[in-house]
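Undergrad: Handing you this structure, nothing more for now.
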Number of protein chains: 4
Amino acid sequence: MPRLAYLGPEGTFTEEALRLLDPTAERLPCANVPAALNAARSGEADGAVVPLENSIEGAITTTLDEFAWGEPLLITAELLLPVQFSLLARPGTEIPHIKRVYTHPAAITQCRAFLARELPDAVVVAAPSTAAAAQEVSLPGSPYDAAIAARIAGEHYGLVELATDIGDRSDTVTRFVRVARPGPLPEPTGSDRTTLVVFLADDHPGALLEMLTEFSVRGVNLTRIESRPTGDGIGRYFFHFDFEGHVADARVGEALAGLHRICGEVRFLGSYPRADGIAPQIKRGTSDAEFAEAGGWLARVRAGQV
Amino acid sequence: MPRLAYLGPEGTFTEEALRLLDPTAERLPCANVPAALNAARSGEADGAVVPLENSIEGAITTTLDEFAWGEPLLITAELLLPVQFSLLARPGTEIPHIKRVYTHPAAITQCRAFLARELPDAVVVAAPSTAAAAQEVSLPGSPYDAAIAARIAGEHYGLVELATDIGDRSDTVTRFVRVARPGPLPEPTGSDRTTLVVFLADDHPGALLEMLTEFSVRGVNLTRIESRPTGDGIGRYFFHFDFEGHVADARVGEALAGLHRICGEVRFLGSYPRADGIAPQIKRGTSDAEFAEAGGWLARVRAGQV
Amino acid sequence: MPRLAYLGPEGTFTEEALRLLDPTAERLPCANVPAALNAARSGEADGAVVPLENSIEGAITTTLDEFAWGEPLLITAELLLPVQFSLLARPGTEIPHIKRVYTHPAAITQCRAFLARELPDAVVVAAPSTAAAAQEVSLPGSPYDAAIAARIAGEHYGLVELATDIGDRSDTVTRFVRVARPGPLPEPTGSDRTTLVVFLADDHPGALLEMLTEFSVRGVNLTRIESRPTGDGIGRYFFHFDFEGHVADARVGEALAGLHRICGEVRFLGSYPRADGIAPQIKRGTSDAEFAEAGGWLARVRAGQV
Amino acid sequence: MPRLAYLGPEGTFTEEALRLLDPTAERLPCANVPAALNAARSGEADGAVVPLENSIEGAITTTLDEFAWGEPLLITAELLLPVQFSLLARPGTEIPHIKRVYTHPAAITQCRAFLARELPDAVVVAAPSTAAAAQEVSLPGSPYDAAIAARIAGEHYGLVELATDIGDRSDTVTRFVRVARPGPLPEPTGSDRTTLVVFLADDHPGALLEMLTEFSVRGVNLTRIESRPTGDGIGRYFFHFDFEGHVADARVGEALAGLHRICGEVRFLGSYPRADGIAPQIKRGTSDAEFAEAGGWLARVRAGQV
């Protein structure tokens, strides 16, 4: 039974993701993303589950920067979790009683319509996390009447759910990843994703175009790009990339080697099954079989057997 | 004397940026970036100053999203402000007395070495902004002994500066922009920058490569790319671009028109003088004179005058 | 009634092409391609018809070089003529009598199977042109018993057709063009072709890729490329290009202007209706309407109307 | 002592090239290029020397087509031969006596100025080759007074040289290649060239751009491109390419394998030392050492050793 660190406290969406990724794992809540990842690095945990991006808020930059700068870890799985906010309160509370709501700022933003419609007069206060808000509301003398958080947080802290799925958009999703210390990669499944961090060798015009060409020429499709500052001043960035396919695929391997040759540093962050199960469209000439056949042809050419 | 809204309260780095951008402007502090931009939109202010990116923290995503989704505004100037954190306290306080420090989480991250070395036993508490921390500390009964904030905040709130430039990196910079309601653009200066938001028409593989090619083929260099979620699910992004040059330049104009033709929507966010004064390298065949000459040639060709 | 020069003598495939292109024209046979083109240049003729390429033999390099180096002319029409060779002899001759065959070397190559099967013992002698061969055979004391030439040559010179369509391939085609002195271009028809000669500015690696990118980025498809030596030594070439579309099309015009900006010299050789009537696939964002709309958008952007 | 077939008869520029490529070889003159190549294919000769291109006339299309369609042969060497035409006559002849000149049409074209200046009244008649012209003039009862041919032809046929280097351009060069039956390739020298024939898989727009990108992305520079008709109608072409480097080079090998994967057929025609001794500029990331290092990195990544 593995022990997995995660972004706590108990009741976070991350915990929900962890339970779905591995229902039997022992769970180790941590105060923040770096702490969860460090628990995996140090061996205190066998791995960690952290959020990577949200369909409304965008990248979780702490996670991106930890992956880029911290001790290497490998992503071994991903999960897309619909984010459903619930209005949670101590038993006995009813909506008309609610004067003060406590929740994370992202939830304030995402539940704006519900708050305006159902709680137009309530004061809404920013909390460090939705789970922390639920925890606080559960305390007997809390100054807050309700929290907006995941349903799981209500279960943890003994709150009742007064309203369900109160976000403005019902299709909000957060992408979580499970990471482990470096070791054998997950086997290719035919529907895989590969994640990289790339630092430029020198920041010349056209460097990004050249990087993308290394992938396109081998038929490897980009699914995400994020730029992050290197810290060396405005205008200096490194890049997070997600691409279709597994590094064991010939086309992905050759593209990565190409990127490695022209860039300052390529940090491989893992090849793992896609949560959405989408299989890549493999462009003519880029399947493993075609790579192998071309390799055989090249060997014969080099031997003068034409 | 223009009236400029900004990310307040008084004493923020944004106020410092505003004073440098326009020393004579009347200043209107606002609670957050959307409020500052809305003041400019509504006419309550003549413009606004907001942060766009930081060399350590990266993009200010609230600003990016406001520019993409809110009523159109145009960037008319940019400023690169070195971010120097000061340790500020009520008069009479000395460093050994400090038990509780109040500041914004970004400042906690960026002053980690100073805190560990000089205030190893202090409790550090997260504030909504550095200026708000200074304001709080200035109150007589405050539970906090010191704030980390801009020197300007100390001046505003009557605090003394116990330590200067306490960030781990002394070269941290924030990029601020001044915006106005749509109107005549700043004149080209020869060292300009153009900012865009681009939504894809359909998210096919290679779409990003195609966009970058529209620029590279006209010799226009990219200086920043940020992807942001469209809100329609993981894997769906739109893009913020900064490019060298002014939309009045022939090469930039043609590239923008090209982008407009192949993308779902291009939102122009402004052409304005670069804060760093760097002039672009103009690739053979892409100067305004060469565009004009080629246009004359094409007109003659179309008239059969060869 | 125009007067058109052509590659003679009477009875050539070029004459056949001229008659199809303009049945009513007065015909001026010339000794070779330069002479025909010079007749058009000097005003001795109103235009000329010359071969450009053949589906077996390839480019007619004399024509290509004349177009590149001689006084400018414009292509105003093209014709694809199936090349059918006939075995022609003086009346009374029968196949078993034929001991000596006279024809152009290209016809020898292309009728190899017929000659081996039907005239295995005949001597085949090279003539300057197929029409000249027919003319020679028509002379009473000719040492040759038969010519291989166009049926039209037989009609001209009073020969009978002993065998029809004797080429190894029945689908051989020659492409002819009609040219005129520079003047108003043919109107766009929706199925047009544009022909260019391009000299590089400097022969750097990647120059050809850059030229092709100028076209591909505007959705203009290449249909023919020929390299020819500049005369300045092995490794120095200029290029003939055929592209889909008419220079009056926005996408073609912008591509040509782009090419003009980055190349040493672009010589426009004409936009004219395609003989095959194929309409181009117009890539999203590259229609005239989309160019016009983008131009309007750009004008508004430049005026700050966003 | 190898036996080499060549484009005869004795006294051709090709013989001169052969003597320079291998002074000790036994020489087998052949009637035309296919015959010379067939002698090499059949084993009648150990190899052959044929012209590939001329700096004025362009490609020798018979050679290109033989290489593309005939039994495979490999180029093992190239030679750049300055083409110097001489005016040759029987002993005793002087320039004022010359009434009829015999030579190949290419020589007529290239010596136009000399003929106009020195022999304005002479009749110039087309011969099948310059060497055949010299041979004919050497015959006692020849109707011709002089030939234009290589000096070597004069030596062969006992003619005297009345004028030397009479071409309009003194820098005309022909490129010859030596070919052999398939076998071990010449070793890489650091200044090599690779020659290919490429047939498209399907003739879609952009196919040529894709082919060139396979090379450019690996830093391999194109030095020659020729299109030739496939025979399947106007608009259907295949390509001859020369590229810098040797197929044993990692960057060239990967590019060839890439081309092989996306094209219908790639026929390798050889890697051999460049006659001009120019070494390629090797772009960052494309040296053999960088390819090897990237391969090692990829192997570690695939093993999860990051």
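Residues in the structure tokens are named by chain (A, B, ... in the order shown) and by number from 1 within that chain; ligands are numbered from 1 in the order shown.
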Write down, as a ChimeraX atom specification, each residue of chain B that has any atom within 9 Å of an atom of chain A, counting only C-alpha atoms.
TA: /B:53-59,61,80,169,171-175,205-206,208-209,212-213,216,220-237
Undergrad: If you run DSSP on this backbone, which residues of region 91-276 of chain A come out as helix (DSSP H, G or I), and could you give them as number ranges by chain?
TA: A: 95-97, 105-110, 112-118, 130-138, 151-157, 207-216, 250-262
Undergrad: Would you pick out the contacts of Val137 (chain D) at 8 Å or less, using only C-alpha atoms, so that residues sharing its chain but fewer than 4 positions from it are not included, and give the list as a ChimeraX atom specification?
TA: /D:89-90,102,133,142-147
Undergrad: Got time to write the residues from that selection, C-alpha atoms, as a compact mmCIF listing (two decimals), in the first residue's frame?
TA:
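Resulting contents of out.txt:
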# COMPACT_ATOMS: atom_id res chain seq x y z
CA ALA D 89 41.48 22.36 -88.10
CA ARG D 90 43.54 20.11 -90.33
CA TYR D 102 31.20 21.93 -87.40
CA ALA D 133 32.87 17.16 -85.03
CA SER D 142 35.37 16.42 -94.99
CA PRO D 143 33.03 19.20 -96.12
CA TYR D 144 33.98 21.10 -92.94
CA ASP D 145 37.04 23.28 -92.49
CA ALA D 146 37.14 23.47 -88.71
CA ALA D 147 35.63 22.07 -85.56
Undergrad: Nearest residue to Pro120 (chain C) out of C:Leu185, C:Ala40, C:Leu162, C:Val101, using only C-alpha atoms?
TA: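 That would be C:Val101, the residue with the smallest distance to Pro120 (chain C).
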Undergrad: Between CA of Phe85 (chain B) and CA of Thr63 (chain B), what is the distance in Å, rounded to a tenth?
TA: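 CA of Thr63 (chain B) lies 22.3 Å from CA of Phe85 (chain B).
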Undergrad: Neighbours of Ile148 (chain D) within 12 Å (only C-alpha atoms; same-chain residues fewer than 4 positions away dropped), as number ranges by chain?
TA: D: 11-12, 83-89, 100-112, 114-115, 124-127, 129-137, 144, 152-154, 159-167
Undergrad: Would you list the contacts of Ala201 (chain B) as an mmCIF file with C-alpha atoms, in the first residue's frame, taking every protein, DNA or RNA residue within 8 Å and counting only C-alpha atoms, but skipping same-chain residues closer than 5 positions in sequence?
TA:
data_model
loop_
_atom_site.group_PDB
_atom_site.id
_atom_site.type_symbol
_atom_site.label_atom_id
_atom_site.label_comp_id
_atom_site.auth_asym_id
_atom_site.auth_seq_id
_atom_site.Cartn_x
_atom_site.Cartn_y
_atom_site.Cartn_z
ATOM 1 C CA ILE B 262 -6.103 32.524 -39.689
ATOM 2 C CA CYS B 263 -7.165 32.895 -36.066
ATOM 3 C CA GLY B 264 -10.539 32.992 -34.444
ATOM 4 C CA GLU B 265 -9.971 36.379 -32.871
#
Undergrad: For region 3-9 of chain D, list every protein, DNA or RNA residue within 8 Å, evaluated using only C-alpha atoms, and leave out those in the same chain fewer than 2 positions away; present the list as an mmCIF file with N, CA and C atoms, in the first residue's frame.
TA:
data_model
loop_
_atom_site.group_PDB
_atom_site.id
_atom_site.type_symbol
_atom_site.label_atom_id
_atom_site.label_comp_id
_atom_site.auth_asym_id
_atom_site.auth_seq_id
_atom_site.Cartn_x
_atom_site.Cartn_y
_atom_site.Cartn_z
ATOM 1 N N MET D 1 44.161 -2.101 -62.479
ATOM 2 C CA MET D 1 43.833 -0.961 -63.368
ATOM 3 C C MET D 1 42.373 -1.041 -63.791
ATOM 4 N N GLY D 11 38.232 12.000 -77.169
ATOM 5 C CA GLY D 11 38.402 13.437 -77.364
ATOM 6 C C GLY D 11 37.295 14.277 -76.756
ATOM 7 N N THR D 12 36.353 13.648 -76.104
ATOM 8 C CA THR D 12 35.302 14.443 -75.462
ATOM 9 C C THR D 12 35.825 15.079 -74.181
ATOM 10 N N THR D 14 34.354 14.586 -71.556
ATOM 11 C CA THR D 14 34.212 13.506 -70.579
ATOM 12 C C THR D 14 35.492 12.690 -70.503
ATOM 13 N N GLU D 15 36.145 12.462 -71.632
ATOM 14 C CA GLU D 15 37.416 11.722 -71.562
ATOM 15 C C GLU D 15 38.434 12.513 -70.749
ATOM 16 N N LEU D 18 37.656 11.994 -67.205
ATOM 17 C CA LEU D 18 38.053 10.648 -66.779
ATOM 18 C C LEU D 18 39.553 10.589 -66.516
ATOM 19 N N ALA D 25 43.381 4.633 -65.558
ATOM 20 C CA ALA D 25 42.286 3.739 -65.942
ATOM 21 C C ALA D 25 42.339 3.411 -67.429
ATOM 22 N N GLU D 26 41.874 2.200 -67.709
ATOM 23 C CA GLU D 26 41.640 1.826 -69.104
ATOM 24 C C GLU D 26 40.354 2.506 -69.525
ATOM 25 N N ARG D 27 40.302 3.087 -70.736
ATOM 26 C CA ARG D 27 39.140 3.885 -71.118
ATOM 27 C C ARG D 27 38.302 3.186 -72.181
ATOM 28 N N LEU D 28 37.000 3.145 -71.950
ATOM 29 C CA LEU D 28 36.072 2.495 -72.870
ATOM 30 C C LEU D 28 35.071 3.531 -73.377
ATOM 31 N N PRO D 29 35.292 4.112 -74.552
ATOM 32 C CA PRO D 29 34.347 5.133 -75.033
ATOM 33 C C PRO D 29 33.024 4.491 -75.425
ATOM 34 N N CYS D 30 31.926 5.186 -75.127
ATOM 35 C CA CYS D 30 30.589 4.674 -75.442
ATOM 36 C C CYS D 30 29.825 5.744 -76.223
ATOM 37 N N ALA D 31 28.802 5.297 -76.920
ATOM 38 C CA ALA D 31 28.108 6.177 -77.866
ATOM 39 C C ALA D 31 27.277 7.247 -77.166
ATOM 40 N N ASN D 32 26.810 6.938 -75.961
ATOM 41 C CA ASN D 32 25.973 7.901 -75.251
ATOM 42 C C ASN D 32 25.980 7.577 -73.763
ATOM 43 N N VAL D 33 25.316 8.425 -72.980
ATOM 44 C CA VAL D 33 25.351 8.246 -71.532
ATOM 45 C C VAL D 33 24.748 6.907 -71.111
ATOM 46 N N ALA D 36 27.233 4.150 -71.621
ATOM 47 C CA ALA D 36 28.354 4.164 -70.680
ATOM 48 C C ALA D 36 27.920 3.599 -69.327
ATOM 49 N N LEU D 37 26.715 4.012 -68.875
ATOM 50 C CA LEU D 37 26.244 3.524 -67.577
ATOM 51 C C LEU D 37 25.931 2.034 -67.651
ATOM 52 N N ALA D 39 27.425 -0.121 -69.446
ATOM 53 C CA ALA D 39 28.692 -0.864 -69.414
ATOM 54 C C ALA D 39 29.138 -1.079 -67.971
ATOM 55 N N ALA D 40 28.905 -0.055 -67.146
ATOM 56 C CA ALA D 40 29.246 -0.202 -65.731
ATOM 57 C C ALA D 40 28.297 -1.192 -65.049
ATOM 58 N N ALA D 45 32.444 -2.801 -67.784
ATOM 59 C CA ALA D 45 33.418 -1.853 -67.235
ATOM 60 C C ALA D 45 33.300 -1.895 -65.702
ATOM 61 N N ASP D 46 34.321 -1.358 -65.028
ATOM 62 C CA ASP D 46 34.288 -1.325 -63.566
ATOM 63 C C ASP D 46 33.544 -0.104 -63.047
ATOM 64 N N GLY D 47 33.303 0.828 -63.960
ATOM 65 C CA GLY D 47 32.607 2.041 -63.567
ATOM 66 C C GLY D 47 32.421 2.890 -64.802
ATOM 67 N N ALA D 48 31.929 4.107 -64.581
ATOM 68 C CA ALA D 48 31.727 4.991 -65.730
ATOM 69 C C ALA D 48 31.914 6.433 -65.300
ATOM 70 N N VAL D 49 32.238 7.272 -66.268
ATOM 71 C CA VAL D 49 32.315 8.718 -66.023
ATOM 72 C C VAL D 49 31.356 9.396 -66.992
ATOM 73 N N VAL D 50 30.451 10.204 -66.418
ATOM 74 C CA VAL D 50 29.447 10.885 -67.255
ATOM 75 C C VAL D 50 29.276 12.314 -66.767
ATOM 76 N N ALA D 131 33.420 16.119 -80.011
ATOM 77 C CA ALA D 131 34.450 15.166 -80.423
ATOM 78 C C ALA D 131 34.115 14.582 -81.794
ATOM 79 N N ALA D 132 32.832 14.304 -82.024
ATOM 80 C CA ALA D 132 32.444 13.787 -83.340
ATOM 81 C C ALA D 132 32.726 14.827 -84.414
#
Undergrad: Would you list the contacts of region 287-297 of chain C as a PyMOL selection string, taking every protein, DNA or RNA residue within 7 Å and counting only C-alpha atoms, but skipping same-chain residues closer than 4 positions in sequence?
TA: (chain B and resi 257+260-261) or (chain C and resi 249-250+282+301)
Undergrad: Could you give me the residues within region 27-205 of chain B that DSSP places in strand (DSSP E), as a VMD selection string?
TA: chain B and resid 27 to 30 47 to 54 58 to 59 74 to 82 86 to 89 100 to 103 123 to 126 146 to 149 160 to 163 173 to 180 192 to 199
Undergrad: What does the distance between CA of Ile75 (chain A) and CA of Val252 (chain A) come to in Å, to one decimal place?
TA: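 Between CA of Ile75 (chain A) and CA of Val252 (chain A) the gap is 16.6 Å.
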